[in-house]
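What follows is the content of work01.csv, which has CSV, C-alpha atoms (C1' of nucleotides):
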chain,number,residue,atom,x,y,z
A,1,MET,CA,-45.8,34.4,0.9
A,2,THR,CA,-47.1,36.1,-2.1
A,3,LYS,CA,-49.8,37.9,-0.2
A,4,PRO,CA,-48.3,39.3,3.0
A,5,MET,CA,-51.7,40.3,4.3
A,6,PRO,CA,-50.6,43.7,5.6
A,7,GLU,CA,-53.9,44.4,7.3
A,8,LEU,CA,-53.1,42.6,10.5
A,9,ALA,CA,-49.5,43.4,10.4
A,10,GLY,CA,-50.3,46.8,11.6
A,11,GLU,CA,-49.9,47.4,15.3
A,12,ARG,CA,-52.9,46.9,17.6
A,13,ALA,CA,-53.9,43.4,18.6
A,14,ILE,CA,-57.2,42.3,17.5
A,15,MET,CA,-58.7,39.7,19.9
A,16,VAL,CA,-60.9,37.2,18.3
A,17,ALA,CA,-62.0,33.8,19.7
A,18,GLY,CA,-59.5,34.4,22.5
A,19,VAL,CA,-56.6,34.7,20.1
A,20,ALA,CA,-54.5,37.8,19.6
A,21,MET,CA,-54.1,38.7,16.0
A,22,SER,CA,-51.4,41.3,16.3
A,23,ALA,CA,-48.3,42.4,14.6
A,24,ASP,CA,-45.4,40.1,15.5
A,25,ASN,CA,-47.5,37.3,16.7
A,26,CYS,CA,-50.3,36.5,14.3
A,27,PRO,CA,-50.3,32.8,13.6
A,28,VAL,CA,-53.6,33.0,11.8
A,29,ARG,CA,-52.3,35.5,9.3
A,30,ASP,CA,-49.5,33.2,8.2
A,31,VAL,CA,-51.7,30.2,7.8
A,32,MET,CA,-54.6,32.1,6.2
A,33,ALA,CA,-52.2,33.5,3.7
A,34,ASN,CA,-51.7,30.0,2.5
A,35,VAL,CA,-55.3,29.1,2.5
A,36,SER,CA,-56.1,32.3,0.8
A,37,SER,CA,-53.6,32.0,-1.9
A,38,LYS,CA,-55.3,31.0,-5.1
A,39,TRP,CA,-53.6,27.7,-5.7
A,40,ASN,CA,-51.9,26.5,-2.5
A,41,SER,CA,-54.8,24.7,-1.1
A,42,LEU,CA,-55.5,22.9,-4.3
A,43,ILE,CA,-51.8,21.9,-4.6
A,44,LEU,CA,-51.9,20.5,-1.1
A,45,LEU,CA,-55.0,18.5,-1.9
A,46,MET,CA,-53.3,17.1,-4.9
A,47,LEU,CA,-50.2,16.1,-3.0
A,48,GLY,CA,-52.5,14.5,-0.5
A,49,GLU,CA,-52.8,11.7,-3.0
A,50,GLY,CA,-49.1,11.1,-2.8
A,51,PRO,CA,-45.8,12.6,-4.0
A,52,LYS,CA,-45.9,14.1,-7.4
A,53,ARG,CA,-43.5,15.6,-9.9
A,54,PHE,CA,-43.7,19.1,-11.2
A,55,SER,CA,-45.0,18.2,-14.6
A,56,VAL,CA,-47.6,15.9,-13.1
A,57,LEU,CA,-49.0,18.7,-10.9
A,58,ARG,CA,-48.9,21.0,-13.9
A,59,ARG,CA,-50.9,18.4,-15.9
A,60,GLU,CA,-53.4,17.8,-13.1
A,61,ILE,CA,-54.1,21.5,-12.6
A,62,PRO,CA,-54.4,22.6,-16.2
A,63,ASP,CA,-55.5,26.2,-15.3
A,64,ILE,CA,-52.4,27.1,-13.4
A,65,SER,CA,-49.5,28.8,-15.3
A,66,GLN,CA,-46.1,27.3,-14.9
A,67,ARG,CA,-44.9,30.5,-13.3
A,68,MET,CA,-47.6,30.4,-10.6
A,69,LEU,CA,-47.1,26.7,-9.9
A,70,THR,CA,-43.4,27.3,-9.3
A,71,GLN,CA,-44.1,30.2,-7.0
A,72,ALA,CA,-46.8,28.4,-5.1
A,73,LEU,CA,-44.6,25.4,-4.6
A,74,ARG,CA,-41.8,27.5,-3.3
A,75,ASP,CA,-44.1,29.3,-0.9
A,76,LEU,CA,-45.4,26.0,0.4
A,77,GLN,CA,-41.9,24.7,0.8
A,78,ARG,CA,-40.8,27.8,2.5
A,79,ASP,CA,-43.4,27.4,5.2
A,80,GLY,CA,-42.7,23.8,5.6
A,81,TYR,CA,-45.8,22.3,4.1
A,82,ILE,CA,-44.1,20.4,1.4
A,83,HIS,CA,-40.7,18.8,0.8
A,84,ARG,CA,-38.8,19.2,-2.5
A,85,THR,CA,-36.5,16.5,-3.8
A,86,VAL,CA,-34.4,16.8,-6.8
A,87,PHE,CA,-33.4,13.7,-8.7
A,88,PRO,CA,-30.2,14.2,-10.6
A,89,THR,CA,-31.5,12.5,-13.7
A,90,GLN,CA,-31.2,13.8,-17.3
A,91,PRO,CA,-33.3,15.8,-17.7
A,92,PRO,CA,-33.7,16.4,-14.0
A,93,SER,CA,-37.0,15.6,-12.2
A,94,VAL,CA,-38.3,17.1,-9.0
A,95,GLU,CA,-40.7,15.5,-6.7
A,96,TYR,CA,-42.9,17.3,-4.2
A,97,LYS,CA,-44.5,15.6,-1.2
A,98,LEU,CA,-46.3,16.7,1.9
A,99,THR,CA,-44.4,17.1,5.1
A,100,ASP,CA,-46.0,16.0,8.4
A,101,ILE,CA,-47.1,19.6,8.9
A,102,GLY,CA,-48.5,19.7,5.4
A,103,GLN,CA,-50.4,16.5,6.0
A,104,SER,CA,-51.7,17.8,9.3
A,105,PHE,CA,-52.8,21.0,7.6
A,106,LEU,CA,-54.4,19.1,4.8
A,107,ASN,CA,-56.6,17.3,7.3
A,108,VAL,CA,-58.0,20.6,8.4
A,109,MET,CA,-58.4,21.7,4.9
A,110,LYS,CA,-60.3,18.6,4.0
A,111,GLN,CA,-62.9,19.6,6.5
A,112,ILE,CA,-63.5,22.7,4.5
A,113,VAL,CA,-63.9,20.6,1.4
A,114,ASP,CA,-66.4,18.4,3.2
A,115,TRP,CA,-68.3,21.4,4.5
A,116,SER,CA,-68.3,22.9,1.0
A,117,VAL,CA,-69.9,19.8,-0.4
A,118,ASP,CA,-72.5,19.6,2.3
A,119,HIS,CA,-73.6,23.2,2.1
A,120,HIS,CA,-73.1,24.0,-1.5
A,121,ASP,CA,-76.8,23.8,-2.3
A,122,ALA,CA,-77.7,26.2,0.5
A,123,ILE,CA,-75.2,28.7,-0.7
A,124,ARG,CA,-76.4,28.5,-4.3
A,125,VAL,CA,-79.9,29.0,-3.1
A,126,ALA,CA,-79.0,32.0,-0.9
A,127,ARG,CA,-77.0,33.5,-3.8
A,128,ALA,CA,-79.8,33.1,-6.3
A,129,ASN,CA,-82.2,34.5,-3.9
A,130,PHE,CA,-80.0,37.5,-3.2
A,131,ASP,CA,-79.4,38.2,-6.8
A,132,GLY,CA,-83.1,37.8,-7.6
A,133,LYS,CA,-84.0,40.5,-5.1
A,134,SER,CA,-81.3,43.1,-5.9
A,135,GLY,CA,-80.9,42.3,-9.7
B,1,MET,CA,-67.8,37.0,-4.9
B,2,THR,CA,-65.1,39.4,-5.4
B,3,LYS,CA,-62.7,36.7,-6.5
B,4,PRO,CA,-64.5,34.3,-8.9
B,5,MET,CA,-61.6,31.9,-9.0
B,6,PRO,CA,-61.7,31.4,-12.7
B,7,GLU,CA,-59.3,28.5,-12.6
B,8,LEU,CA,-61.7,25.8,-11.7
B,9,ALA,CA,-64.5,27.3,-13.7
B,10,GLY,CA,-62.9,26.1,-16.8
B,11,GLU,CA,-64.2,22.9,-18.2
B,12,ARG,CA,-62.5,19.6,-17.2
B,13,ALA,CA,-63.3,18.1,-13.8
B,14,ILE,CA,-60.4,17.7,-11.4
B,15,MET,CA,-60.9,14.9,-9.0
B,16,VAL,CA,-59.4,15.5,-5.7
B,17,ALA,CA,-60.1,13.6,-2.4
B,18,GLY,CA,-63.0,12.0,-4.2
B,19,VAL,CA,-64.7,15.3,-5.0
B,20,ALA,CA,-65.2,16.6,-8.5
B,21,MET,CA,-64.0,20.1,-8.8
B,22,SER,CA,-65.5,21.0,-12.2
B,23,ALA,CA,-67.3,23.7,-13.9
B,24,ASP,CA,-71.0,23.8,-12.9
B,25,ASN,CA,-70.5,21.7,-9.8
B,26,CYS,CA,-67.6,23.0,-7.8
B,27,PRO,CA,-68.7,23.5,-4.2
B,28,VAL,CA,-65.2,24.0,-3.0
B,29,ARG,CA,-64.6,26.9,-5.3
B,30,ASP,CA,-67.6,28.8,-3.9
B,31,VAL,CA,-66.5,28.3,-0.3
B,32,MET,CA,-62.8,28.8,-0.9
B,33,ALA,CA,-63.6,32.1,-2.6
B,34,ASN,CA,-64.9,33.2,0.8
B,35,VAL,CA,-62.1,31.8,2.8
B,36,SER,CA,-59.7,33.3,0.3
B,37,SER,CA,-61.1,36.8,0.3
B,38,LYS,CA,-58.9,39.0,2.4
B,39,TRP,CA,-61.4,40.0,5.0
B,40,ASN,CA,-64.3,37.6,5.0
B,41,SER,CA,-63.0,35.1,7.4
B,42,LEU,CA,-61.9,37.7,9.9
B,43,ILE,CA,-65.4,39.3,9.7
B,44,LEU,CA,-67.0,36.0,10.3
B,45,LEU,CA,-64.7,35.5,13.3
B,46,MET,CA,-65.7,38.9,14.6
B,47,LEU,CA,-69.4,38.2,14.2
B,48,GLY,CA,-68.9,34.9,16.0
B,49,GLU,CA,-68.8,37.0,19.1
B,50,GLY,CA,-72.3,38.2,18.5
B,51,PRO,CA,-74.2,40.6,16.2
B,52,LYS,CA,-72.4,43.8,15.4
B,53,ARG,CA,-73.1,47.0,13.7
B,54,PHE,CA,-71.2,48.3,10.7
B,55,SER,CA,-69.4,50.9,12.7
B,56,VAL,CA,-68.4,48.5,15.3
B,57,LEU,CA,-66.9,46.1,12.8
B,58,ARG,CA,-65.1,49.0,11.3
B,59,ARG,CA,-63.7,50.0,14.6
B,60,GLU,CA,-62.6,46.4,15.5
B,61,ILE,CA,-60.9,45.9,12.2
B,62,PRO,CA,-59.0,49.1,11.9
B,63,ASP,CA,-57.1,48.1,8.8
B,64,ILE,CA,-60.1,47.6,6.5
B,65,SER,CA,-61.3,50.4,4.4
B,66,GLN,CA,-65.0,51.3,4.5
B,67,ARG,CA,-65.4,50.4,0.9
B,68,MET,CA,-64.0,46.9,1.4
B,69,LEU,CA,-66.0,46.3,4.6
B,70,THR,CA,-69.2,47.1,2.7
B,71,GLN,CA,-68.2,44.9,-0.1
B,72,ALA,CA,-67.2,42.0,2.1
B,73,LEU,CA,-70.4,42.2,4.1
B,74,ARG,CA,-72.4,42.1,0.9
B,75,ASP,CA,-70.6,39.1,-0.4
B,76,LEU,CA,-71.1,37.3,2.8
B,77,GLN,CA,-74.7,38.2,2.9
B,78,ARG,CA,-75.2,37.1,-0.7
B,79,ASP,CA,-73.9,33.7,0.1
B,80,GLY,CA,-76.0,33.4,3.2
B,81,TYR,CA,-73.3,33.5,5.8
B,82,ILE,CA,-74.6,36.6,7.5
B,83,HIS,CA,-77.9,38.3,8.0
B,84,ARG,CA,-78.4,42.1,7.6
B,85,THR,CA,-80.9,44.0,9.6
B,86,VAL,CA,-81.6,47.7,9.1
B,87,PHE,CA,-83.0,49.6,12.0
B,88,PRO,CA,-84.9,52.6,10.8
B,89,THR,CA,-83.4,55.0,13.4
B,90,GLN,CA,-82.1,58.4,12.7
B,91,PRO,CA,-79.4,58.1,11.7
B,92,PRO,CA,-80.0,54.5,10.6
B,93,SER,CA,-78.0,51.6,12.0
B,94,VAL,CA,-77.4,48.3,10.4
B,95,GLU,CA,-76.7,45.1,12.3
B,96,TYR,CA,-75.0,42.1,11.0
B,97,LYS,CA,-75.2,38.6,12.5
B,98,LEU,CA,-74.3,35.1,11.5
B,99,THR,CA,-76.8,32.9,10.0
B,100,ASP,CA,-76.9,29.2,10.9
B,101,ILE,CA,-74.8,28.4,7.9
B,102,GLY,CA,-72.4,31.2,8.8
B,103,GLN,CA,-72.1,29.8,12.3
B,104,SER,CA,-71.6,26.3,10.9
B,105,PHE,CA,-68.9,27.6,8.6
B,106,LEU,CA,-67.3,29.5,11.5
B,107,ASN,CA,-66.9,26.3,13.4
B,108,VAL,CA,-64.8,24.9,10.6
B,109,MET,CA,-62.8,28.1,10.3
B,110,LYS,CA,-62.0,28.1,14.0
B,111,GLN,CA,-60.2,24.8,13.5
B,112,ILE,CA,-57.9,26.6,11.1
B,113,VAL,CA,-57.4,29.2,13.8
B,114,ASP,CA,-56.6,26.6,16.3
B,115,TRP,CA,-54.3,24.8,13.9
B,116,SER,CA,-52.5,28.0,13.2
B,117,VAL,CA,-51.8,28.7,16.8
B,118,ASP,CA,-50.6,25.2,17.3
B,119,HIS,CA,-48.2,25.1,14.4
B,120,HIS,CA,-47.2,28.7,14.2
B,121,ASP,CA,-43.8,28.1,15.7
B,122,ALA,CA,-43.0,25.3,13.3
B,123,ILE,CA,-43.9,27.5,10.4
B,124,ARG,CA,-41.7,30.3,11.6
B,125,VAL,CA,-38.8,27.9,12.0
B,126,ALA,CA,-39.3,26.4,8.6
B,127,ARG,CA,-39.5,29.9,7.1
B,128,ALA,CA,-36.5,31.2,8.8
B,129,ASN,CA,-34.6,28.1,7.8
B,130,PHE,CA,-35.6,28.4,4.2
B,131,ASP,CA,-34.7,32.0,4.0
B,132,GLY,CA,-31.4,31.4,5.7
B,133,LYS,CA,-30.4,28.9,3.1
B,134,SER,CA,-31.6,30.7,0.0
B,135,GLY,CA,-31.0,34.3,1.1
C,1,DC,C1',-74.3,56.1,10.4
C,2,DT,C1',-74.2,53.4,6.2
C,3,DG,C1',-73.4,53.0,1.7
C,4,DC,C1',-72.2,54.3,-3.2
C,5,DA,C1',-69.4,56.3,-7.0
C,6,DT,C1',-65.1,57.9,-8.9
C,7,DC,C1',-60.3,58.0,-9.5
C,8,DC,C1',-56.0,55.8,-9.6
C,9,DC,C1',-52.1,53.2,-8.1
C,10,DC,C1',-49.9,48.8,-7.4
C,11,DG,C1',-49.1,44.1,-7.5
C,12,DC,C1',-50.9,39.7,-9.1
C,13,DC,C1',-50.6,36.8,-12.6
C,14,DG,C1',-50.7,35.2,-17.5
C,15,DA,C1',-47.8,34.9,-21.8
C,16,DT,C1',-43.6,34.4,-23.7
C,17,DA,C1',-38.8,33.6,-24.3
C,18,DC,C1',-34.6,31.9,-22.4
C,19,DT,C1',-31.2,28.8,-19.2
C,20,DG,C1',-29.3,24.2,-17.1
D,1,DC,C1',-38.1,18.7,-17.4
D,2,DA,C1',-37.8,22.4,-14.0
D,3,DG,C1',-37.1,27.0,-13.2
D,4,DT,C1',-36.0,32.1,-14.2
D,5,DA,C1',-36.7,36.8,-16.3
D,6,DT,C1',-39.2,40.3,-18.4
D,7,DC,C1',-43.2,42.6,-20.1
D,8,DG,C1',-48.0,44.1,-19.8
D,9,DG,C1',-53.1,43.9,-18.6
D,10,DC,C1',-56.3,44.1,-15.4
D,11,DG,C1',-58.5,44.1,-11.4
D,12,DG,C1',-58.2,44.6,-6.2
D,13,DG,C1',-58.6,47.9,-3.1
D,14,DG,C1',-57.3,52.5,-0.8
D,15,DA,C1',-58.6,57.6,-0.6
D,16,DT,C1',-61.9,60.8,-1.2
D,17,DG,C1',-66.3,62.9,-1.8
D,18,DC,C1',-71.3,62.6,-2.0
D,19,DA,C1',-76.2,60.8,-0.7
D,20,DG,C1',-80.0,59.1,2.3
Is it possible to give me this structure as structure tokens?
Amino acid sequence: MTKPMPELAGERAIMVAGVAMSADNCPVRDVMANVSSKWNSLILLMLGEGPKRFSVLRREIPDISQRMLTQALRDLQRDGYIHRTVFPTQPPSVEYKLTDIGQSFLNVMKQIVDWSVDHHDAIRVARANFDGKSG
Amino acid sequence: MTKPMPELAGERAIMVAGVAMSADNCPVRDVMANVSSKWNSLILLMLGEGPKRFSVLRREIPDISQRMLTQALRDLQRDGYIHRTVFPTQPPSVEYKLTDIGQSFLNVMKQIVDWSVDHHDAIRVARANFDGKSG
DNA sequence: CTGCATCCCCGCCGATACTG
DNA sequence: CAGTATCGGCGGGGATGCAG
């Protein structure tokens, strides 16, 4: 991953929700690194619509740089969330699609999306309220 | 937030999973900014066990710097995830606890934790496999 | 005990140019 | 079209010292 999240890679185990977040056994760290990473989640959402080529993703996510898209895709592939297929055309085209794990993860992610939509107003209110008091 | 996620704050709306991720109406961005932020999610998990004082959080998350803990807590408070109570003792103590929204969000987050635990092995395998081929 | 300000390093990431 | 390499800024975040 791009962000190794060194914090929990230290030594002592942090117990939270009955799960040990320790050095050599921290599942959450690995996953959260993906969720955290700026673009990964958005890419997974996009691929949730179906397999897409590099250039298509690039077009659909205008703000991402080509470099970052490449990197994010490799990270996601590395962890098994997406599968990469090269078609030996001229010029070559590369298709990315969700793996089963990626699809499974996407389902969890979608819950965050739904939650976001549901609670966005409350968050905006809280934020405005907070800024009003301290600003 | 610490990370404003400028990418989606641009202009055009990106439709994903039937949700518009655009400039002035991007719920997901606000929430993801929290999830993304290095420590926020862990702090919420900690507070899921009950209200905690600043120093307790600091002790339970040894890797976080005091500066970042302060900042993360303020961010979470700002968006209404946690409530901050100052007890006028000498020396003063400050207690943080989840709001209803924070608790609600935590429930979603816990699903990520569960998912992480369930699929950690698969991810490690995929990663090792990938590194073995390319390295 | 909590929190703020300052300094400063390091790594993310965008821009650009180049390969197959 | 897809990906790599290099340079450079800029901001995150650690260390330290100070205040209430």
Can you build me a table of chain A residues sitting at most 12 Å from chain C, with the closest atom pair per residue and its distance in Å to one decimal, using only C-alpha atoms (C1' of nucleotides), sorted by chain and residue number, as a Markdown table?
| residue | atom | partner | partner_atom | distance |
| --- | --- | --- | --- | --- |
| A:Thr2 | CA | C:DC12 | C1' | 8.7 |
| A:Lys3 | CA | C:DC12 | C1' | 9.1 |
| A:Pro4 | CA | C:DG11 | C1' | 11.6 |
| A:Ser37 | CA | C:DC12 | C1' | 10.9 |
| A:Lys38 | CA | C:DC12 | C1' | 10.5 |
| A:Trp39 | CA | C:DC13 | C1' | 11.8 |
| A:Asp63 | CA | C:DG14 | C1' | 10.4 |
| A:Ile64 | CA | C:DG14 | C1' | 9.2 |
| A:Ser65 | CA | C:DG14 | C1' | 6.9 |
| A:Gln66 | CA | C:DG14 | C1' | 9.5 |
| A:Arg67 | CA | C:DC13 | C1' | 8.5 |
| A:Met68 | CA | C:DC13 | C1' | 7.3 |
| A:Leu69 | CA | C:DC13 | C1' | 11.0 |
| A:Gln71 | CA | C:DC13 | C1' | 10.8 |
| A:Ala72 | CA | C:DC13 | C1' | 11.9 |
| A:Pro88 | CA | C:DG20 | C1' | 12.0 |
| A:Gln90 | CA | C:DG20 | C1' | 10.6 |
| A:Pro91 | CA | C:DG20 | C1' | 9.3 |
| A:Pro92 | CA | C:DG20 | C1' | 9.5 |
Selection near Leu106 (chain B), 9 Å with all atoms listed in the file, sequence-local residues under 6 positions removed, as a ChimeraX atom specification | /B:41,44-45,48,98
In Å, rounded to a single decimal, give me how far CA of Glu95 (chain A) is from CA of His83 (chain A).
-> 8.2 Å
Would you tabulate, counting only C-alpha atoms, all residues of chain B that have an atom at most 6 Å from an atom of chain A, showing the closest pair of atoms and their distance in Å to one decimal, sorted by chain then ascending number, as JSON lines?
{"residue": "B:Glu7", "atom": "CA", "partner": "A:Asp63", "partner_atom": "CA", "distance": 5.2}
{"residue": "B:Pro27", "atom": "CA", "partner": "A:His120", "partner_atom": "CA", "distance": 5.2}
{"residue": "B:Val28", "atom": "CA", "partner": "A:Ser116", "partner_atom": "CA", "distance": 5.2}
{"residue": "B:Val31", "atom": "CA", "partner": "A:Ser116", "partner_atom": "CA", "distance": 5.8}
{"residue": "B:Ser36", "atom": "CA", "partner": "A:Ser36", "partner_atom": "CA", "distance": 3.8}
{"residue": "B:Asp63", "atom": "CA", "partner": "A:Glu7", "partner_atom": "CA", "distance": 5.1}
{"residue": "B:Arg78", "atom": "CA", "partner": "A:Arg127", "partner_atom": "CA", "distance": 5.1}
{"residue": "B:Asp79", "atom": "CA", "partner": "A:Arg127", "partner_atom": "CA", "distance": 5.0}
{"residue": "B:Gly80", "atom": "CA", "partner": "A:Ala126", "partner_atom": "CA", "distance": 5.3}
{"residue": "B:Val113", "atom": "CA", "partner": "A:Val28", "partner_atom": "CA", "distance": 5.7}
{"residue": "B:Ser116", "atom": "CA", "partner": "A:Pro27", "partner_atom": "CA", "distance": 5.3}
{"residue": "B:Val117", "atom": "CA", "partner": "A:Pro27", "partner_atom": "CA", "distance": 5.4}
{"residue": "B:His120", "atom": "CA", "partner": "A:Pro27", "partner_atom": "CA", "distance": 5.2}
{"residue": "B:Ile123", "atom": "CA", "partner": "A:Asp79", "partner_atom": "CA", "distance": 5.2}
{"residue": "B:Ala126", "atom": "CA", "partner": "A:Gly80", "partner_atom": "CA", "distance": 5.2}
{"residue": "B:Arg127", "atom": "CA", "partner": "A:Asp79", "partner_atom": "CA", "distance": 5.0}
{"residue": "B:Phe130", "atom": "CA", "partner": "A:Arg78", "partner_atom": "CA", "distance": 5.5}
Dump as a list in words the residues of chain D that approach chain A to within 12 Å, counting all atoms listed in the file.
->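 That gives the following set of residues: DC1, DA2, DG3, DT4, DA5, DG13 and DG14 of chain D.
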Once chain B is superposed on chain A with a least-squares fit on all C-alpha pairs taken in order, can you show it as a compact mmCIF listing (two decimals) with C-alpha atoms, keeping the file's coordinate frame?
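The result, stored in superposed.txt:
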# COMPACT_ATOMS: atom_id res chain seq x y z
CA MET B 1 -45.84 34.42 0.95
CA THR B 2 -47.13 35.99 -2.07
CA LYS B 3 -49.86 37.78 -0.16
CA PRO B 4 -48.40 39.23 3.08
CA MET B 5 -51.78 40.28 4.37
CA PRO B 6 -50.67 43.66 5.52
CA GLU B 7 -53.86 44.32 7.40
CA LEU B 8 -53.07 42.47 10.54
CA ALA B 9 -49.43 43.36 10.42
CA GLY B 10 -50.25 46.78 11.55
CA GLU B 11 -49.85 47.45 15.20
CA ARG B 12 -52.87 47.00 17.52
CA ALA B 13 -53.85 43.48 18.58
CA ILE B 14 -57.30 42.30 17.57
CA MET B 15 -58.69 39.76 19.91
CA VAL B 16 -60.85 37.27 18.27
CA ALA B 17 -62.02 33.86 19.68
CA GLY B 18 -59.51 34.39 22.44
CA VAL B 19 -56.54 34.66 20.08
CA ALA B 20 -54.48 37.79 19.66
CA MET B 21 -54.13 38.67 16.07
CA SER B 22 -51.38 41.31 16.33
CA ALA B 23 -48.26 42.35 14.72
CA ASP B 24 -45.33 40.06 15.66
CA ASN B 25 -47.56 37.27 16.90
CA CYS B 26 -50.25 36.55 14.39
CA PRO B 27 -50.29 32.82 13.65
CA VAL B 28 -53.54 33.02 11.82
CA ARG B 29 -52.23 35.51 9.34
CA ASP B 30 -49.38 33.19 8.32
CA VAL B 31 -51.70 30.23 7.78
CA MET B 32 -54.53 32.18 6.21
CA ALA B 33 -52.06 33.61 3.71
CA ASN B 34 -51.63 30.03 2.52
CA VAL B 35 -55.24 29.14 2.54
CA SER B 36 -55.95 32.41 0.80
CA SER B 37 -53.44 32.06 -1.99
CA LYS B 38 -55.22 31.02 -5.12
CA TRP B 39 -53.53 27.73 -5.69
CA ASN B 40 -51.90 26.55 -2.51
CA SER B 41 -54.74 24.69 -1.04
CA LEU B 42 -55.55 22.89 -4.25
CA ILE B 43 -51.85 21.86 -4.55
CA LEU B 44 -51.87 20.56 -1.07
CA LEU B 45 -55.04 18.60 -1.89
CA MET B 46 -53.33 17.18 -4.95
CA LEU B 47 -50.25 16.16 -3.01
CA GLY B 48 -52.49 14.52 -0.43
CA GLU B 49 -52.81 11.77 -2.96
CA GLY B 50 -49.13 11.10 -2.82
CA PRO B 51 -45.84 12.64 -4.01
CA LYS B 52 -45.96 14.19 -7.43
CA ARG B 53 -43.61 15.66 -9.87
CA PHE B 54 -43.79 19.21 -11.17
CA SER B 55 -45.05 18.13 -14.53
CA VAL B 56 -47.66 15.98 -13.09
CA LEU B 57 -49.03 18.74 -10.91
CA ARG B 58 -49.03 20.93 -13.93
CA ARG B 59 -50.96 18.43 -15.90
CA GLU B 60 -53.54 17.84 -13.08
CA ILE B 61 -54.13 21.50 -12.60
CA PRO B 62 -54.50 22.63 -16.14
CA ASP B 63 -55.51 26.16 -15.29
CA ILE B 64 -52.33 27.17 -13.43
CA SER B 65 -49.56 28.80 -15.26
CA GLN B 66 -46.05 27.39 -14.90
CA ARG B 67 -44.85 30.54 -13.29
CA MET B 68 -47.53 30.43 -10.59
CA LEU B 69 -47.06 26.70 -9.95
CA THR B 70 -43.36 27.32 -9.30
CA GLN B 71 -44.13 30.18 -7.09
CA ALA B 72 -46.80 28.38 -5.12
CA LEU B 73 -44.59 25.35 -4.61
CA ARG B 74 -41.85 27.58 -3.29
CA ASP B 75 -44.10 29.31 -0.87
CA LEU B 76 -45.38 26.07 0.40
CA GLN B 77 -41.95 24.69 0.73
CA ARG B 78 -40.74 27.80 2.55
CA ASP B 79 -43.39 27.38 5.14
CA GLY B 80 -42.69 23.71 5.56
CA TYR B 81 -45.85 22.30 4.12
CA ILE B 82 -44.13 20.39 1.37
CA HIS B 83 -40.79 18.78 0.79
CA ARG B 84 -38.82 19.15 -2.50
CA THR B 85 -36.60 16.45 -3.79
CA VAL B 86 -34.45 16.83 -6.91
CA PHE B 87 -33.48 13.71 -8.72
CA PRO B 88 -30.32 14.26 -10.67
CA THR B 89 -31.59 12.51 -13.85
CA GLN B 90 -31.23 13.80 -17.30
CA PRO B 91 -33.36 15.71 -17.74
CA PRO B 92 -33.81 16.34 -14.01
CA SER B 93 -37.08 15.65 -12.22
CA VAL B 94 -38.31 17.20 -9.08
CA GLU B 95 -40.72 15.55 -6.67
CA TYR B 96 -42.89 17.24 -4.22
CA LYS B 97 -44.50 15.62 -1.17
CA LEU B 98 -46.25 16.71 1.96
CA THR B 99 -44.40 17.08 5.08
CA ASP B 100 -45.98 16.04 8.39
CA ILE B 101 -47.12 19.56 8.97
CA GLY B 102 -48.47 19.74 5.43
CA GLN B 103 -50.39 16.54 6.01
CA SER B 104 -51.67 17.86 9.34
CA PHE B 105 -52.78 21.05 7.65
CA LEU B 106 -54.41 19.04 4.85
CA ASN B 107 -56.57 17.27 7.35
CA VAL B 108 -58.00 20.58 8.45
CA MET B 109 -58.45 21.75 4.88
CA LYS B 110 -60.36 18.61 3.96
CA GLN B 111 -62.98 19.58 6.52
CA ILE B 112 -63.53 22.74 4.51
CA VAL B 113 -63.88 20.54 1.46
CA ASP B 114 -66.36 18.39 3.17
CA TRP B 115 -68.24 21.39 4.51
CA SER B 116 -68.39 22.85 1.07
CA VAL B 117 -69.92 19.80 -0.45
CA ASP B 118 -72.42 19.61 2.32
CA HIS B 119 -73.60 23.19 2.13
CA HIS B 120 -73.07 23.91 -1.50
CA ASP B 121 -76.74 23.74 -2.33
CA ALA B 122 -77.68 26.13 0.43
CA ILE B 123 -75.14 28.60 -0.80
CA ARG B 124 -76.41 28.42 -4.34
CA VAL B 125 -79.95 29.01 -3.13
CA ALA B 126 -78.96 31.91 -0.98
CA ARG B 127 -77.00 33.39 -3.89
CA ALA B 128 -79.68 32.98 -6.39
CA ASN B 129 -82.15 34.47 -3.96
CA PHE B 130 -79.99 37.45 -3.27
CA ASP B 131 -79.38 38.14 -6.87
CA GLY B 132 -83.02 37.75 -7.70
CA LYS B 133 -83.97 40.41 -5.25
CA SER B 134 -81.25 42.93 -5.98
CA GLY B 135 -80.79 42.30 -9.71
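CA of Lys52 (chain A) sits 14.2 Å away from CA of Gly102 (chain A).
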Between CA of Asn107 (chain B) and CA of Phe87 (chain B), what is the distance, to one decimal in Å?
->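 Spanning CA of Asn107 (chain B) to CA of Phe87 (chain B) is a straight-line distance of 28.4 Å.
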